[in-house]
Each structure stands twice: as C-alpha cells, then as structure tokens.
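Q: Input file: target_14.tsv. Contents: TSV, C-alpha atoms.
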chain	number	residue	atom	x	y	z
A	1	MET	CA	-62.59	15.70	34.94
A	2	LYS	CA	-60.56	13.38	32.85
A	3	LYS	CA	-57.75	14.79	30.75
A	4	ASN	CA	-57.34	13.30	27.26
A	5	SER	CA	-53.76	13.11	26.07
A	6	ARG	CA	-53.13	12.63	22.37
A	7	GLY	CA	-49.29	12.94	22.20
A	8	PHE	CA	-46.31	10.85	23.18
A	9	SER	CA	-44.55	11.21	26.47
A	10	LEU	CA	-40.89	12.23	26.65
A	11	ILE	CA	-39.85	8.73	27.76
A	12	GLU	CA	-41.60	7.13	24.77
A	13	ILE	CA	-39.79	9.50	22.41
A	14	LEU	CA	-36.41	8.79	24.05
A	15	ILE	CA	-36.90	5.02	23.82
A	16	PHE	CA	-37.95	5.25	20.15
A	17	THR	CA	-34.98	7.49	19.33
A	18	SER	CA	-32.55	5.12	21.08
A	19	ILE	CA	-33.85	2.05	19.25
A	20	PHE	CA	-33.87	3.92	15.94
A	21	SER	CA	-30.25	5.07	16.50
A	22	LEU	CA	-29.05	1.53	17.33
A	23	PHE	CA	-30.71	0.26	14.16
A	24	PHE	CA	-28.92	2.81	11.97
A	25	ILE	CA	-25.56	2.22	13.69
A	26	THR	CA	-25.93	-1.50	12.98
A	27	VAL	CA	-26.88	-0.88	9.35
A	28	ALA	CA	-23.92	1.48	8.90
A	29	GLY	CA	-21.54	-1.16	10.32
A	30	VAL	CA	-22.88	-3.88	8.03
A	31	VAL	CA	-22.62	-1.62	4.97
A	32	SER	CA	-19.07	-0.62	5.92
A	33	ILE	CA	-17.93	-4.25	6.27
A	34	SER	CA	-19.66	-5.18	3.01
A	35	LEU	CA	-17.89	-2.38	1.14
A	36	MET	CA	-14.53	-3.39	2.60
A	37	ASN	CA	-15.06	-7.04	1.58
A	38	MET	CA	-16.14	-5.95	-1.88
A	39	LYS	CA	-12.92	-3.95	-2.32
A	40	ILE	CA	-10.79	-6.88	-1.11
A	41	ASN	CA	-12.52	-9.20	-3.57
A	42	GLU	CA	-11.99	-6.69	-6.36
A	43	HIS	CA	-8.27	-6.61	-5.56
A	44	LYS	CA	-8.18	-10.45	-5.48
A	45	ILE	CA	-9.66	-10.59	-8.98
A	46	ILE	CA	-7.12	-8.08	-10.30
A	47	ALA	CA	-4.25	-9.87	-8.51
A	48	THR	CA	-5.32	-13.22	-10.00
A	49	ARG	CA	-5.27	-11.69	-13.47
A	50	TYR	CA	-1.77	-10.29	-12.89
A	51	ALA	CA	-0.57	-13.72	-11.69
A	52	GLN	CA	-2.09	-15.44	-14.74
A	53	GLN	CA	-0.48	-12.83	-16.98
A	54	ALA	CA	2.92	-13.70	-15.47
A	55	ILE	CA	2.36	-17.45	-16.02
A	56	GLU	CA	1.44	-16.78	-19.66
A	57	TRP	CA	4.55	-14.62	-20.11
A	58	LEU	CA	6.68	-17.32	-18.51
A	59	THR	CA	5.20	-19.98	-20.79
A	60	ALA	CA	6.14	-17.85	-23.81
A	61	GLU	CA	9.68	-17.48	-22.43
A	62	LYS	CA	9.86	-21.24	-22.02
A	63	GLU	CA	8.67	-21.81	-25.59
A	64	ASP	CA	11.33	-19.47	-27.00
A	65	ASP	CA	14.28	-21.56	-25.76
A	66	TRP	CA	14.07	-24.20	-23.01
A	67	VAL	CA	17.86	-24.33	-22.47
A	68	VAL	CA	18.11	-20.58	-21.94
A	69	PHE	CA	14.97	-20.69	-19.81
A	70	THR	CA	16.32	-23.39	-17.47
A	71	ASN	CA	19.69	-21.64	-17.24
A	72	ARG	CA	17.92	-18.53	-15.96
A	73	ASP	CA	16.35	-20.33	-13.04
A	74	THR	CA	18.00	-22.56	-10.47
A	75	GLN	CA	20.72	-24.16	-12.63
A	76	GLY	CA	19.77	-27.72	-11.68
A	77	ASP	CA	19.24	-27.43	-7.94
A	78	SER	CA	16.04	-27.73	-5.95
A	79	ASN	CA	16.33	-24.35	-4.21
A	80	PRO	CA	13.86	-21.83	-5.58
A	81	THR	CA	15.08	-18.75	-7.40
A	82	THR	CA	12.96	-15.65	-6.73
A	83	TYR	CA	12.33	-12.93	-9.29
A	84	CYS	CA	10.57	-9.63	-8.84
A	85	ILE	CA	8.56	-9.43	-12.05
A	86	GLY	CA	6.43	-6.34	-11.83
A	87	SER	CA	7.46	-5.38	-15.36
A	88	LEU	CA	7.67	-8.98	-16.68
A	89	ASN	CA	11.40	-9.19	-17.31
A	90	TRP	CA	14.28	-11.33	-16.11
A	91	THR	CA	16.59	-8.53	-15.01
A	92	GLN	CA	15.62	-8.52	-11.33
A	93	GLN	CA	16.61	-11.82	-9.69
A	94	ARG	CA	15.58	-10.81	-6.17
A	95	SER	CA	12.63	-10.45	-3.84
A	96	CYS	CA	10.43	-7.38	-4.21
A	97	ILE	CA	11.26	-5.06	-1.32
A	98	ASN	CA	11.39	-1.55	-2.78
A	99	PRO	CA	8.47	0.85	-3.14
A	100	ASP	CA	9.48	1.05	-6.82
A	101	ASP	CA	8.38	-2.60	-7.18
A	102	LEU	CA	4.71	-1.61	-6.88
A	103	PHE	CA	2.72	-1.80	-10.11
A	104	GLY	CA	-0.80	-2.12	-11.46
A	105	THR	CA	-3.93	-0.05	-11.38
A	106	PRO	CA	-4.14	0.96	-8.59
A	107	GLY	CA	-0.38	0.78	-8.02
A	108	ILE	CA	-0.50	-1.40	-4.91
A	109	TYR	CA	0.54	-4.83	-6.21
A	110	ILE	CA	3.82	-6.70	-5.88
A	111	ARG	CA	4.41	-9.69	-8.16
A	112	GLU	CA	7.07	-12.27	-7.33
A	113	MET	CA	7.89	-15.55	-9.01
A	114	GLU	CA	9.70	-18.59	-7.64
A	115	ILE	CA	11.10	-21.21	-9.99
A	116	THR	CA	12.23	-24.61	-8.73
A	117	ASP	CA	13.65	-27.39	-10.91
A	118	ILE	CA	12.07	-30.82	-10.69
A	119	LEU	CA	15.29	-32.77	-10.38
A	120	ALA	CA	16.16	-34.67	-13.51
A	121	ASP	CA	19.10	-34.75	-15.85
A	122	PRO	CA	18.49	-32.90	-18.10
A	123	VAL	CA	15.90	-30.64	-16.50
A	124	THR	CA	12.57	-31.32	-18.22
A	125	GLN	CA	10.15	-29.70	-15.76
A	126	VAL	CA	10.13	-26.72	-13.44
A	127	ASN	CA	7.67	-25.69	-10.74
A	128	VAL	CA	6.60	-22.07	-10.95
A	129	THR	CA	4.78	-20.12	-8.25
A	130	VAL	CA	3.69	-16.57	-9.02
A	131	THR	CA	2.47	-14.63	-5.99
A	132	VAL	CA	0.78	-11.25	-6.28
A	133	SER	CA	0.38	-9.45	-2.97
A	134	TRP	CA	-0.98	-6.11	-1.82
A	135	GLN	CA	-1.73	-4.24	1.37
A	136	GLU	CA	-5.20	-2.95	2.17
A	137	ALA	CA	-5.92	0.36	3.90
A	138	GLY	CA	-6.33	-1.39	7.27
A	139	GLY	CA	-2.74	-2.62	7.11
A	140	LEU	CA	-3.55	-6.25	6.32
A	141	THR	CA	-1.53	-7.88	3.56
A	142	TYR	CA	-3.26	-10.22	1.13
A	143	SER	CA	-1.77	-12.46	-1.56
A	144	VAL	CA	-2.88	-14.63	-4.45
A	145	PRO	CA	-0.55	-17.51	-5.39
A	146	VAL	CA	-0.78	-19.29	-8.74
A	147	ASN	CA	1.20	-22.52	-9.26
A	148	SER	CA	2.15	-24.19	-12.50
A	149	VAL	CA	4.50	-26.87	-13.78
A	150	LEU	CA	6.24	-26.04	-17.06
A	151	SER	CA	7.65	-28.87	-19.18
A	152	VAL	CA	9.77	-29.13	-22.26
A	153	TRP	CA	7.80	-30.82	-25.05
A	154	GLU	CA	10.67	-31.45	-27.39
A	155	GLN	CA	14.39	-31.81	-26.95
Output the file's structure in the form of structure tokens.
A:
Amino acid sequence: MKKNSRGFSLIEILIFTSIFSLFFITVAGVVSISLMNMKINEHKIIATRYAQQAIEWLTAEKEDDWVVFTNRDTQGDSNPTTYCIGSLNWTQQRSCINPDDLFGTPGIYIREMEITDILADPVTQVNVTVTVSWQEAGGLTYSVPVNSVLSVWEQ
C-alpha cells in the first residue's frame, strides 16, 4: 500500500521559515538605513536655512554701516575672526563650544561665522563663511557651510 502525504515535511517548513526570516531582516535593515538618511537630509535642509538666515542678517548689518561692519571683523588682516552666532548678534566673538550655544528646532544646531578681509586699503570686500553643524544620534557630526563675499557698494 502506498501512503499519500498531503502536508509539508518539517525540513521544508524550517527552510521556508529561515528564508522568510532572512528576507524580513534585510527589509528591516533597508528601512532603518532609509529612515536614518531621511533624518540626516531633513537636518541638512534645516541647517542650510539657518546658514542662509545668517548670511541675510550679515548682509543687513553690512548695509547699515560698512565702516562699523569692517571694524567688527578682522580690522584689516587676513586672519579670520570667528563668531558664535546662534542668536544672530555680534556679542560673542568666539567659537561655539558651550552646550548653551545650541539652538534651533530641534535644539541641536551650532552656527559659527568666519569673516576674512580681502586685503585692500580701504577694505571693500570680506569673505564670509557660515557653518551650521549638528551631531546625529549615532555620534557623527555633520555640517553645512555657506560662503559669500560681501562688498561695499558706495563709499
């Protein structure tokens, strides 16, 4: 007599379960990496906006009074002057190193600005680099630099 078997054997079930598990582990890894990259890109967009905001503020400061503006920076030398400008003011001529320097939503960003004179007498142009940086949950630090050259239009 021949025995008809209509079910799966234990080995077939184990192989199917193993392959199915590997598939879901791979999908979970891909989704996790995609979400992490999406969050990093979101932070880059926000950081770029904060850097552009600082350049716009700096342009307004330049337009108010060029002489006062150039006296706030490097006073005619080519060494950059660094400002911590989380709150967009000139009172902190230093690098951002304190936890109090964090700003933004979420409050993870640090915004620094370097101003360097383009040597001329009198100073008619300055190089400006605004860098917004932040640290992700994995411990990696990212930054977005924005460069600009500001000029005096009238003397």
Q: Counting all atoms listed in the file, which residues of stretch 51-129 of chain A sit at most 7 Å from some atom of stretch 137-148 of chain A, and what is each one's closest atom pair with its distance in Å to one decimal, listed by chain and rising residue number, as a tab-separated table?
A:
residue	atom	partner	partner_atom	distance
A:Ala51	CA	A:Val146	CA	6.3
A:Asn127	CA	A:Ser148	CA	6.0
A:Val128	CA	A:Ser148	CA	5.2
A:Thr129	CA	A:Asn147	CA	4.4
Q: Near A:Arg111, counting all atoms listed in the file, which residues have an atom at most 6 Å away, once you skip same-chain residues fewer than 5 positions from it, shown as a count of residues only?
A: 4
Q: Considering only C-alpha atoms, state which residue in the set A:Trp134, A:Phe69, A:Trp153, A:Phe103 is at the smallest distance from A:Asp117.
A: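 Among A:Trp134, A:Phe69, A:Trp153, A:Phe103, it is A:Phe69 that comes nearest to A:Asp117.
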Q: Please provide the set of residues having any atom within 12 Å of A:Gly107, restricted to only C-alpha atoms, with same-chain residues fewer than 4 positions apart removed, written as a PyMOL selection string.
A: chain A and resi 43+46-47+86+99-103+111+133-136
Q: Between A:Ile40, A:Ile110, A:Ile33, A:Leu10, which is the closest to A:Ser87 once you count only C-alpha atoms?
A: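 Once distances to A:Ser87 are computed over only C-alpha atoms, the minimum belongs to A:Ile110.
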Q: Find, counting all atoms listed in the file, the residue in A:Phe20, A:Gly7, A:Ile97, A:Leu88 that gets nearest to A:Ile55.
A: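 The shortest atom-to-atom distance to A:Ile55 comes from A:Leu88.
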Q: Atom CA of A:Ile19 and atom CA of A:Arg6, how far apart in Å?
A: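 Distance between the two atoms: 22.2 Å.
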Q: Calculated over only C-alpha atoms, which of the candidates A:Cys84, A:Ser151, A:Val126, A:Gly104 has the smallest distance to A:Arg49?
A: A:Gly104
Q: The centre and edge lengths of an axis-aligned box containing all atoms of stretch 14-24 of chain A present in the file, extended by 8 Å on each side, are to be given in Å to one decimal, as JSON.
A:
{"center_x": -33.4, "center_y": 4.5, "center_z": 18.0, "size_x": 25.0, "size_y": 24.5, "size_z": 28.1}
Q: Atom CA of A:Glu56 and atom CA of A:Met113, how far apart in Å?
A: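 Those two atoms sit 12.5 Å apart.
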